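Okay, upload_25.txt now, which holds compact mmCIF, C-alpha atoms:
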```
# COMPACT_ATOMS: atom_id res chain seq x y z
CA MET A 353 -144.48 4.68 -84.99
CA ASP A 354 -140.90 5.91 -85.26
CA VAL A 355 -139.02 5.23 -88.49
CA LEU A 356 -135.23 5.04 -88.76
CA ALA A 357 -133.33 4.89 -92.06
CA PHE A 358 -129.77 3.57 -91.97
CA VAL A 359 -127.98 5.36 -94.81
CA ASN A 360 -124.57 6.03 -96.27
CA SER A 361 -123.06 6.16 -99.74
CA GLY A 362 -120.83 3.27 -100.72
CA GLY A 363 -120.62 -0.26 -99.44
CA GLY A 364 -118.82 -1.60 -96.40
CA GLN A 365 -120.17 1.00 -93.99
CA ALA A 366 -121.99 -1.51 -91.74
CA LYS A 367 -125.48 -0.30 -92.67
CA SER A 368 -127.07 -3.75 -92.75
CA SER A 369 -125.39 -5.00 -89.59
CA THR A 370 -126.25 -1.84 -87.66
CA CYS A 371 -129.85 -1.87 -88.93
CA HIS A 372 -130.35 -5.53 -88.02
CA SER A 373 -128.66 -5.17 -84.65
CA VAL A 374 -130.64 -2.11 -83.58
CA ALA A 375 -133.91 -3.60 -84.86
CA SER A 376 -133.34 -6.87 -83.01
CA SER A 377 -132.35 -4.99 -79.86
CA LEU A 378 -135.64 -3.07 -80.00
CA ALA A 379 -137.61 -6.28 -80.63
CA ILE A 380 -135.90 -8.22 -77.85
CA ALA A 381 -136.86 -5.38 -75.50
CA GLY A 382 -140.52 -6.06 -76.35
CA ASN A 383 -141.23 -3.56 -79.13
CA LYS A 384 -143.00 -4.46 -82.36
CA VAL A 385 -140.45 -3.85 -85.10
CA LEU A 386 -140.64 -3.92 -88.89
CA CYS A 387 -137.43 -4.14 -90.94
CA VAL A 388 -137.56 -2.89 -94.53
CA ASP A 389 -134.82 -4.06 -96.90
CA MET A 390 -134.37 -1.51 -99.70
CA ASP A 391 -131.16 -3.06 -101.04
CA GLY A 392 -131.28 -5.53 -103.94
CA GLN A 393 -128.33 -7.40 -102.41
CA SER A 394 -130.80 -8.59 -99.73
CA SER A 395 -128.22 -8.70 -96.92
CA LEU A 396 -130.77 -7.72 -94.26
CA THR A 397 -133.32 -10.17 -95.68
CA ASN A 398 -130.80 -13.02 -95.56
CA TRP A 399 -129.70 -12.08 -92.03
CA CYS A 400 -133.33 -12.40 -90.97
CA GLY A 401 -133.33 -15.99 -92.21
CA ILE A 402 -135.33 -15.32 -95.39
CA GLN A 403 -133.56 -17.12 -98.23
CA ASP A 404 -136.19 -17.90 -100.87
CA VAL A 405 -137.41 -14.54 -102.18
CA GLU A 406 -135.29 -14.27 -105.34
CA GLU A 407 -138.29 -14.95 -107.57
CA GLN A 408 -140.57 -12.69 -105.56
CA SER A 409 -140.88 -8.91 -105.79
CA TYR A 410 -142.61 -8.20 -102.49
CA LEU A 411 -141.29 -4.72 -101.85
CA LEU A 412 -141.40 -3.55 -105.46
CA GLU A 413 -145.03 -4.65 -105.77
CA VAL A 414 -145.88 -2.83 -102.55
CA LEU A 415 -144.24 0.38 -103.75
CA LEU A 416 -146.08 0.18 -107.07
CA ASP A 417 -149.37 -0.36 -105.20
CA GLU A 418 -149.77 -3.81 -106.78
CA ARG A 419 -149.77 -5.63 -103.44
CA GLU A 420 -150.98 -4.85 -99.93
CA ILE A 421 -148.05 -4.23 -97.63
CA SER A 422 -149.52 -6.44 -94.91
CA SER A 423 -149.38 -9.45 -97.27
CA ALA A 424 -145.73 -8.82 -98.10
CA VAL A 425 -144.43 -8.70 -94.52
CA LEU A 426 -142.79 -11.92 -93.29
CA ASP A 427 -142.00 -13.13 -89.78
CA THR A 428 -138.38 -13.54 -88.66
CA PRO A 429 -136.93 -15.96 -86.08
CA ILE A 430 -136.75 -13.06 -83.61
CA PRO A 431 -140.04 -12.56 -81.74
CA ASN A 432 -141.69 -9.17 -82.36
CA MET A 433 -139.58 -8.56 -85.50
CA SER A 434 -140.90 -8.80 -89.06
CA ILE A 435 -139.39 -7.90 -92.41
CA LEU A 436 -140.48 -6.51 -95.75
CA PRO A 437 -137.87 -8.40 -97.80
CA ALA A 438 -135.78 -7.34 -100.76
CA SER A 439 -134.89 -9.24 -103.92
CA LEU A 440 -132.97 -8.67 -107.15
CA HIS A 441 -136.13 -7.10 -108.59
CA LEU A 442 -135.21 -3.89 -106.76
CA TYR A 443 -132.43 -3.34 -109.29
CA GLN A 444 -135.22 -2.51 -111.75
CA ALA A 445 -136.70 0.12 -109.43
CA GLU A 446 -135.39 3.17 -111.30
CA LYS A 447 -137.11 1.98 -114.49
CA HIS A 448 -140.41 1.21 -112.75
CA PHE A 449 -140.54 4.53 -110.90
CA ALA A 450 -139.65 6.67 -113.92
CA ASP A 451 -143.28 7.47 -114.71
CA GLU A 452 -144.57 7.50 -111.14
CA ILE A 453 -145.70 10.86 -109.76
CA ALA A 454 -143.92 11.75 -106.49
CA SER A 455 -142.13 8.40 -106.60
CA ASP A 456 -139.91 9.36 -103.65
CA GLU A 457 -143.00 9.29 -101.39
CA LEU A 458 -144.10 5.74 -102.25
CA LEU A 459 -142.53 4.03 -99.23
CA ASN A 460 -143.92 6.68 -96.90
CA MET A 461 -147.40 6.08 -98.32
CA ALA A 462 -147.07 2.30 -97.93
CA LEU A 463 -145.88 2.50 -94.32
CA SER A 464 -148.72 4.84 -93.39
CA LYS A 465 -151.13 1.93 -93.94
CA ILE A 466 -149.59 -0.14 -91.13
CA GLU A 467 -148.29 2.48 -88.71
CA ILE A 468 -150.55 1.36 -85.87
CA GLN A 469 -149.11 -2.17 -86.04
CA TYR A 470 -145.51 -1.31 -85.17
CA ASP A 471 -143.56 0.71 -82.65
CA TYR A 472 -140.49 1.07 -84.87
CA VAL A 473 -139.50 0.64 -88.50
CA CYS A 474 -135.82 0.16 -89.39
CA ILE A 475 -134.91 0.63 -93.07
CA ASP A 476 -131.73 -0.67 -94.67
CA THR A 477 -130.73 1.25 -97.80
CA PRO A 478 -128.64 0.52 -100.91
CA PRO A 479 -125.00 1.62 -101.14
CA GLN A 480 -125.74 4.24 -103.79
CA MET A 481 -127.82 7.39 -103.53
CA GLY A 482 -130.89 6.96 -105.74
CA ILE A 483 -134.67 6.75 -105.67
CA LEU A 484 -134.75 3.90 -103.10
CA SER A 485 -132.50 5.78 -100.69
CA TYR A 486 -134.57 8.94 -101.17
CA GLN A 487 -137.75 6.99 -100.41
CA ALA A 488 -136.21 5.65 -97.21
CA MET A 489 -135.02 9.09 -96.13
CA LEU A 490 -138.37 10.76 -96.69
CA ALA A 491 -140.26 7.92 -95.01
CA SER A 492 -138.09 8.11 -91.89
CA ARG A 493 -136.93 11.72 -91.48
CA ASN A 494 -134.62 10.25 -88.84
CA LEU A 495 -131.30 9.16 -90.33
CA VAL A 496 -128.73 6.88 -88.73
CA ILE A 497 -125.39 7.01 -90.55
CA PRO A 498 -122.96 4.17 -89.82
CA VAL A 499 -119.44 5.20 -90.86
CA GLU A 500 -116.49 2.86 -91.16
CA ALA A 501 -113.52 4.31 -89.31
CA SER A 502 -111.35 5.10 -92.33
CA TRP A 503 -110.13 8.17 -94.19
CA LYS A 504 -112.01 7.12 -97.35
CA SER A 505 -115.31 6.96 -95.46
CA LEU A 506 -114.74 10.38 -93.91
CA GLN A 507 -114.20 11.87 -97.37
CA ALA A 508 -117.42 10.27 -98.64
CA MET A 509 -119.39 11.83 -95.76
CA ARG A 510 -119.24 15.27 -97.37
CA GLY A 511 -121.04 13.99 -100.47
CA LEU A 512 -123.73 12.34 -98.38
CA LEU A 513 -124.26 15.47 -96.30
CA LYS A 514 -124.67 17.53 -99.47
CA VAL A 515 -127.45 15.19 -100.63
CA ILE A 516 -129.17 15.43 -97.24
CA ASN A 517 -128.89 19.22 -97.25
CA ILE A 518 -130.45 19.43 -100.74
CA MET A 519 -133.28 17.10 -99.76
CA ARG A 520 -133.92 19.18 -96.68
CA GLU A 521 -134.06 22.39 -98.72
CA ARG A 522 -136.18 21.04 -101.58
CA ARG A 523 -138.32 18.24 -100.20
CA CYS A 524 -138.38 17.85 -96.42
CA PRO A 525 -137.26 20.56 -93.98
CA GLU A 526 -137.81 18.13 -91.06
CA LEU A 527 -135.23 15.66 -92.35
CA ALA A 528 -132.71 15.18 -89.55
CA ILE A 529 -129.64 13.15 -88.72
CA ASN A 530 -130.36 11.14 -85.61
CA SER A 531 -126.81 9.89 -85.24
CA ILE A 532 -123.49 9.21 -86.93
CA VAL A 533 -122.16 5.87 -85.70
CA PRO A 534 -118.43 5.04 -85.84
CA SER A 535 -118.40 1.42 -87.02
CA ARG A 536 -115.94 -1.38 -87.67
CA VAL A 537 -113.47 0.41 -85.46
CA ASP A 538 -110.21 -1.44 -84.77
CA LEU A 539 -108.92 0.22 -81.60
CA ARG A 540 -105.49 -1.35 -82.17
CA GLN A 541 -104.96 0.85 -85.22
CA ALA A 542 -103.98 4.48 -84.73
CA SER A 543 -105.65 5.42 -88.05
CA CYS A 544 -109.02 4.14 -86.78
CA LYS A 545 -108.72 6.14 -83.57
CA GLN A 546 -107.80 9.23 -85.58
CA SER A 547 -110.81 8.71 -87.87
CA VAL A 548 -113.17 8.63 -84.90
CA GLU A 549 -111.55 11.77 -83.50
CA LEU A 550 -111.99 13.53 -86.85
CA LEU A 551 -115.65 12.51 -86.94
CA ARG A 552 -116.18 14.09 -83.53
CA GLU A 553 -114.26 17.24 -84.52
CA ASN A 554 -116.34 17.71 -87.69
CA PHE A 555 -119.78 16.57 -86.57
CA GLY A 556 -119.78 17.11 -82.83
CA GLU A 557 -122.76 15.76 -80.91
CA LEU A 558 -124.18 14.07 -84.00
CA VAL A 559 -121.54 11.37 -83.43
CA THR A 560 -122.65 8.76 -80.92
CA ASP A 561 -120.74 8.16 -77.71
CA THR A 562 -121.03 4.47 -78.55
CA VAL A 563 -118.45 3.07 -80.96
CA ILE A 564 -119.02 -0.29 -82.67
CA THR A 565 -115.71 -2.13 -82.82
CA ASP A 566 -114.76 -4.60 -85.53
CA SER A 567 -115.50 -8.11 -84.33
CA VAL A 568 -115.67 -11.71 -85.43
CA VAL A 569 -118.84 -12.08 -83.35
CA MET A 570 -120.84 -9.86 -85.71
CA LYS A 571 -119.71 -11.88 -88.75
CA ASP A 572 -120.53 -15.14 -87.00
CA ALA A 573 -123.97 -13.89 -85.99
CA PHE A 574 -124.69 -13.08 -89.65
CA ALA A 575 -123.53 -16.55 -90.73
CA HIS A 576 -125.93 -18.11 -88.20
CA GLU A 577 -128.78 -15.70 -89.11
CA LYS A 578 -129.02 -14.50 -85.53
CA SER A 579 -128.91 -11.24 -83.67
CA VAL A 580 -125.53 -10.62 -82.09
CA ILE A 581 -127.42 -10.00 -78.83
CA THR A 582 -128.79 -13.54 -78.76
CA TYR A 583 -125.83 -15.19 -80.47
CA ALA A 584 -123.25 -13.81 -78.04
CA PRO A 585 -125.16 -11.99 -75.28
CA LYS A 586 -122.09 -11.51 -73.06
CA SER A 587 -119.87 -10.16 -75.83
CA LYS A 588 -118.54 -6.62 -75.98
CA THR A 589 -120.32 -6.18 -79.32
CA ALA A 590 -123.70 -7.11 -77.85
CA ASP A 591 -123.18 -4.55 -75.09
CA GLN A 592 -122.20 -1.92 -77.66
CA ILE A 593 -125.37 -2.56 -79.68
CA THR A 594 -127.54 -2.29 -76.58
CA GLN A 595 -125.93 1.02 -75.64
CA LEU A 596 -126.20 2.30 -79.21
CA THR A 597 -129.91 1.47 -79.33
CA LYS A 598 -130.52 3.38 -76.11
CA GLU A 599 -128.58 6.34 -77.49
CA ILE A 600 -130.52 6.36 -80.77
CA LEU A 601 -133.83 6.27 -78.89
CA SER A 602 -132.78 9.18 -76.68
CA ARG A 603 -132.07 11.22 -79.83
CA LEU A 604 -135.37 10.54 -81.61
CA ASN A 605 -137.34 13.65 -82.54
CA ARG A 606 -134.57 16.01 -81.51
CA GLY A 607 -132.04 15.40 -84.29
CA GLU A 608 -130.24 18.29 -85.92
CA LEU A 609 -128.77 18.57 -89.38
CA ARG A 610 -125.45 20.30 -89.69
CA ASN A 611 -125.06 21.88 -93.11
CA VAL A 612 -121.74 20.94 -94.66
CA ALA A 613 -120.49 22.57 -97.85
```
Serialized structure, structure tokens:
Amino acid sequence: MDVLAFVNSGGGQAKSSTCHSVASSLAIAGNKVLCVDMDGQSSLTNWCGIQDVEEQSYLLEVLLDEREISSAVLDTPIPNMSILPASLHLYQAEKHFADEIASDELLNMALSKIEIQYDYVCIDTPPQMGILSYQAMLASRNLVIPVEASWKSLQAMRGLLKVINIMRERRCPELAINSIVPSRVDLRQASCKQSVELLRENFGELVTDTVITDSVVMKDAFAHEKSVITYAPKSKTADQITQLTKEILSRLNRGELRNVA
């Protein structure tokens, strides 16, 4: 079972859309895929058509070993794709994990109980670096970093890389960046093109050849709770997601982490 965590600091980086799109692409290709929503906003959960979990605390109970993970996993409308949903209860996670020993390993321990059931796990993370993001990173050890094509996002990358470097030094030497994905790119704007060029200059081969352009199709797919691949299979965005998925798979288990001061 390969585990991918989609991470970045700050909102608006296309983490949820990239996570859902790659997961659905893998599932549509015939793989058994589990999505894990670590964000209390529940964007990934809602995109998967799960709308009634506000009063439930599926994931939090699993992490606290109060519920079997297999009983918390729900089916999605996409064949072969399931989800461990999020709810507002995750906003209380820091308080619940305060007294837990090795709390950053709890997700890894939970996933180990079902690893033979899935080919891939795709984890969506919260916009802030904290215990839930650390759990996702340690459970995956393969990080996919969607980055909005903007100067602000490029500046924020240095902070994220510092966190990854520290985690690698102190907790998990195998932690690796699978890919940095230029996202929400408007090719009509010179500033977006320059941002992508700067990403490639600074991070080299870690940046994917595939660029995900800004599109109405992705927003519409979310509104209809569908994968962009099934919602608009002939769209440029669907083709980009398919190519991105292939690129991520080709990079699995050979990622490298570039240390950035």
Please, which residues are within 12 Å of (-140.2, -8.4, -86.1) by the file's coordinates, counting only C-alpha atoms, and could they come as a VMD selection string?
-> chain A and resid 372 374 to 388 397 400 to 401 425 to 437 469 to 474 579
Selection from above, C-alpha atoms, as a PDB file, in the frame of the given file, can you write it?
```
ATOM      1  CA  HIS A 372    -130.350  -5.530 -88.020  1.00  0.00           C
ATOM      2  CA  VAL A 374    -130.640  -2.110 -83.580  1.00  0.00           C
ATOM      3  CA  ALA A 375    -133.910  -3.600 -84.860  1.00  0.00           C
ATOM      4  CA  SER A 376    -133.340  -6.870 -83.010  1.00  0.00           C
ATOM      5  CA  SER A 377    -132.350  -4.990 -79.860  1.00  0.00           C
ATOM      6  CA  LEU A 378    -135.640  -3.070 -80.000  1.00  0.00           C
ATOM      7  CA  ALA A 379    -137.610  -6.280 -80.630  1.00  0.00           C
ATOM      8  CA  ILE A 380    -135.900  -8.220 -77.850  1.00  0.00           C
ATOM      9  CA  ALA A 381    -136.860  -5.380 -75.500  1.00  0.00           C
ATOM     10  CA  GLY A 382    -140.520  -6.060 -76.350  1.00  0.00           C
ATOM     11  CA  ASN A 383    -141.230  -3.560 -79.130  1.00  0.00           C
ATOM     12  CA  LYS A 384    -143.000  -4.460 -82.360  1.00  0.00           C
ATOM     13  CA  VAL A 385    -140.450  -3.850 -85.100  1.00  0.00           C
ATOM     14  CA  LEU A 386    -140.640  -3.920 -88.890  1.00  0.00           C
ATOM     15  CA  CYS A 387    -137.430  -4.140 -90.940  1.00  0.00           C
ATOM     16  CA  VAL A 388    -137.560  -2.890 -94.530  1.00  0.00           C
ATOM     17  CA  THR A 397    -133.320 -10.170 -95.680  1.00  0.00           C
ATOM     18  CA  CYS A 400    -133.330 -12.400 -90.970  1.00  0.00           C
ATOM     19  CA  GLY A 401    -133.330 -15.990 -92.210  1.00  0.00           C
ATOM     20  CA  VAL A 425    -144.430  -8.700 -94.520  1.00  0.00           C
ATOM     21  CA  LEU A 426    -142.790 -11.920 -93.290  1.00  0.00           C
ATOM     22  CA  ASP A 427    -142.000 -13.130 -89.780  1.00  0.00           C
ATOM     23  CA  THR A 428    -138.380 -13.540 -88.660  1.00  0.00           C
ATOM     24  CA  PRO A 429    -136.930 -15.960 -86.080  1.00  0.00           C
ATOM     25  CA  ILE A 430    -136.750 -13.060 -83.610  1.00  0.00           C
ATOM     26  CA  PRO A 431    -140.040 -12.560 -81.740  1.00  0.00           C
ATOM     27  CA  ASN A 432    -141.690  -9.170 -82.360  1.00  0.00           C
ATOM     28  CA  MET A 433    -139.580  -8.560 -85.500  1.00  0.00           C
ATOM     29  CA  SER A 434    -140.900  -8.800 -89.060  1.00  0.00           C
ATOM     30  CA  ILE A 435    -139.390  -7.900 -92.410  1.00  0.00           C
ATOM     31  CA  LEU A 436    -140.480  -6.510 -95.750  1.00  0.00           C
ATOM     32  CA  PRO A 437    -137.870  -8.400 -97.800  1.00  0.00           C
ATOM     33  CA  GLN A 469    -149.110  -2.170 -86.040  1.00  0.00           C
ATOM     34  CA  TYR A 470    -145.510  -1.310 -85.170  1.00  0.00           C
ATOM     35  CA  ASP A 471    -143.560   0.710 -82.650  1.00  0.00           C
ATOM     36  CA  TYR A 472    -140.490   1.070 -84.870  1.00  0.00           C
ATOM     37  CA  VAL A 473    -139.500   0.640 -88.500  1.00  0.00           C
ATOM     38  CA  CYS A 474    -135.820   0.160 -89.390  1.00  0.00           C
ATOM     39  CA  SER A 579    -128.910 -11.240 -83.670  1.00  0.00           C
TER      40      SER A 579
END
```
Looking at all atoms listed in the file, which of A:Leu412, A:Ala445, A:Val563, A:Leu512 is the one that sits closest to Glu500 (chain A)?
->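 Of the candidates, the smallest distance to Glu500 (chain A) is held by A:Val563.
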Met481 (chain A): which residues within 12 Å, counting only C-alpha atoms, same-chain residues fewer than 4 positions away excluded, as a PyMOL selection string?
-> chain A and resi 359-363+390-391+446+477+485-489+508+511-516+519
Axis-aligned box for all listed atoms of region 525-539 of chain A, 5 Å per side, centre and edges in Å to one decimal, as JSON:
```
{"center_x": -123.4, "center_y": 9.6, "center_z": -87.8, "size_x": 38.9, "size_y": 32.0, "size_z": 22.4}
```
Between A:Thr582, A:Asp538, A:Ser439, A:Asn554, smallest distance to Val568 (chain A) by all atoms listed in the file belongs to A:Asp538
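Coordinates place CA of Asn517 (chain A) at a distance of 21.6 Å from CA of Asp354 (chain A).
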Ile421 (chain A): which residues within 10 Å, counting all atoms listed in the file, same-chain residues fewer than 5 positions away excluded, as a VMD selection string?
-> chain A and resid 410 to 411 413 to 415 436 462 to 463 465 to 466
Residues at most 9 Å from Glu557 (chain A), counting all atoms listed in the file, excluding those fewer than 3 positions away in the same chain, as a PyMOL selection string?
-> chain A and resi 531-532+552+560-561
Write the residues of the preceding selection, restricted to C-alpha atoms, as a PDB file, keeping the file's coordinate frame.
```
ATOM      1  CA  SER A 531    -126.810   9.890 -85.240  1.00  0.00           C
ATOM      2  CA  ILE A 532    -123.490   9.210 -86.930  1.00  0.00           C
ATOM      3  CA  ARG A 552    -116.180  14.090 -83.530  1.00  0.00           C
ATOM      4  CA  THR A 560    -122.650   8.760 -80.920  1.00  0.00           C
ATOM      5  CA  ASP A 561    -120.740   8.160 -77.710  1.00  0.00           C
TER       6      ASP A 561
END
```
Nearest to Leu396 (chain A) among A:Pro478, A:Pro498, A:Pro585, A:Gly556, with distances taken over all atoms listed in the file: which residue is it?
-> A:Pro478
Point-to-point distance in Å for CA of Ile497 (chain A) and CA of Phe358 (chain A) |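 One can read the CA of Phe358 (chain A) to CA of Ile497 (chain A) distance as 5.7 Å.
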Residues near Leu356 (chain A), cut-off 7 Å, all atoms listed in the file, skip fewer than 4 positions along chain, as a list in words = Val473, Cys474, Ile475, Ser492, Asn494, Leu495 and Val496 of chain A
Computed interatomic separation between CA of Trp503 (chain A) and CA of Arg536 (chain A) (Å) |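 Interatomic distance here is 12.9 Å.
Minimum atom-to-atom distances from A:Ala357, A:Leu416, A:Ser373, A:Ser422 to Asp451 (chain A) were compared using only C-alpha atoms, and the lowest value belongs to A:Leu416.
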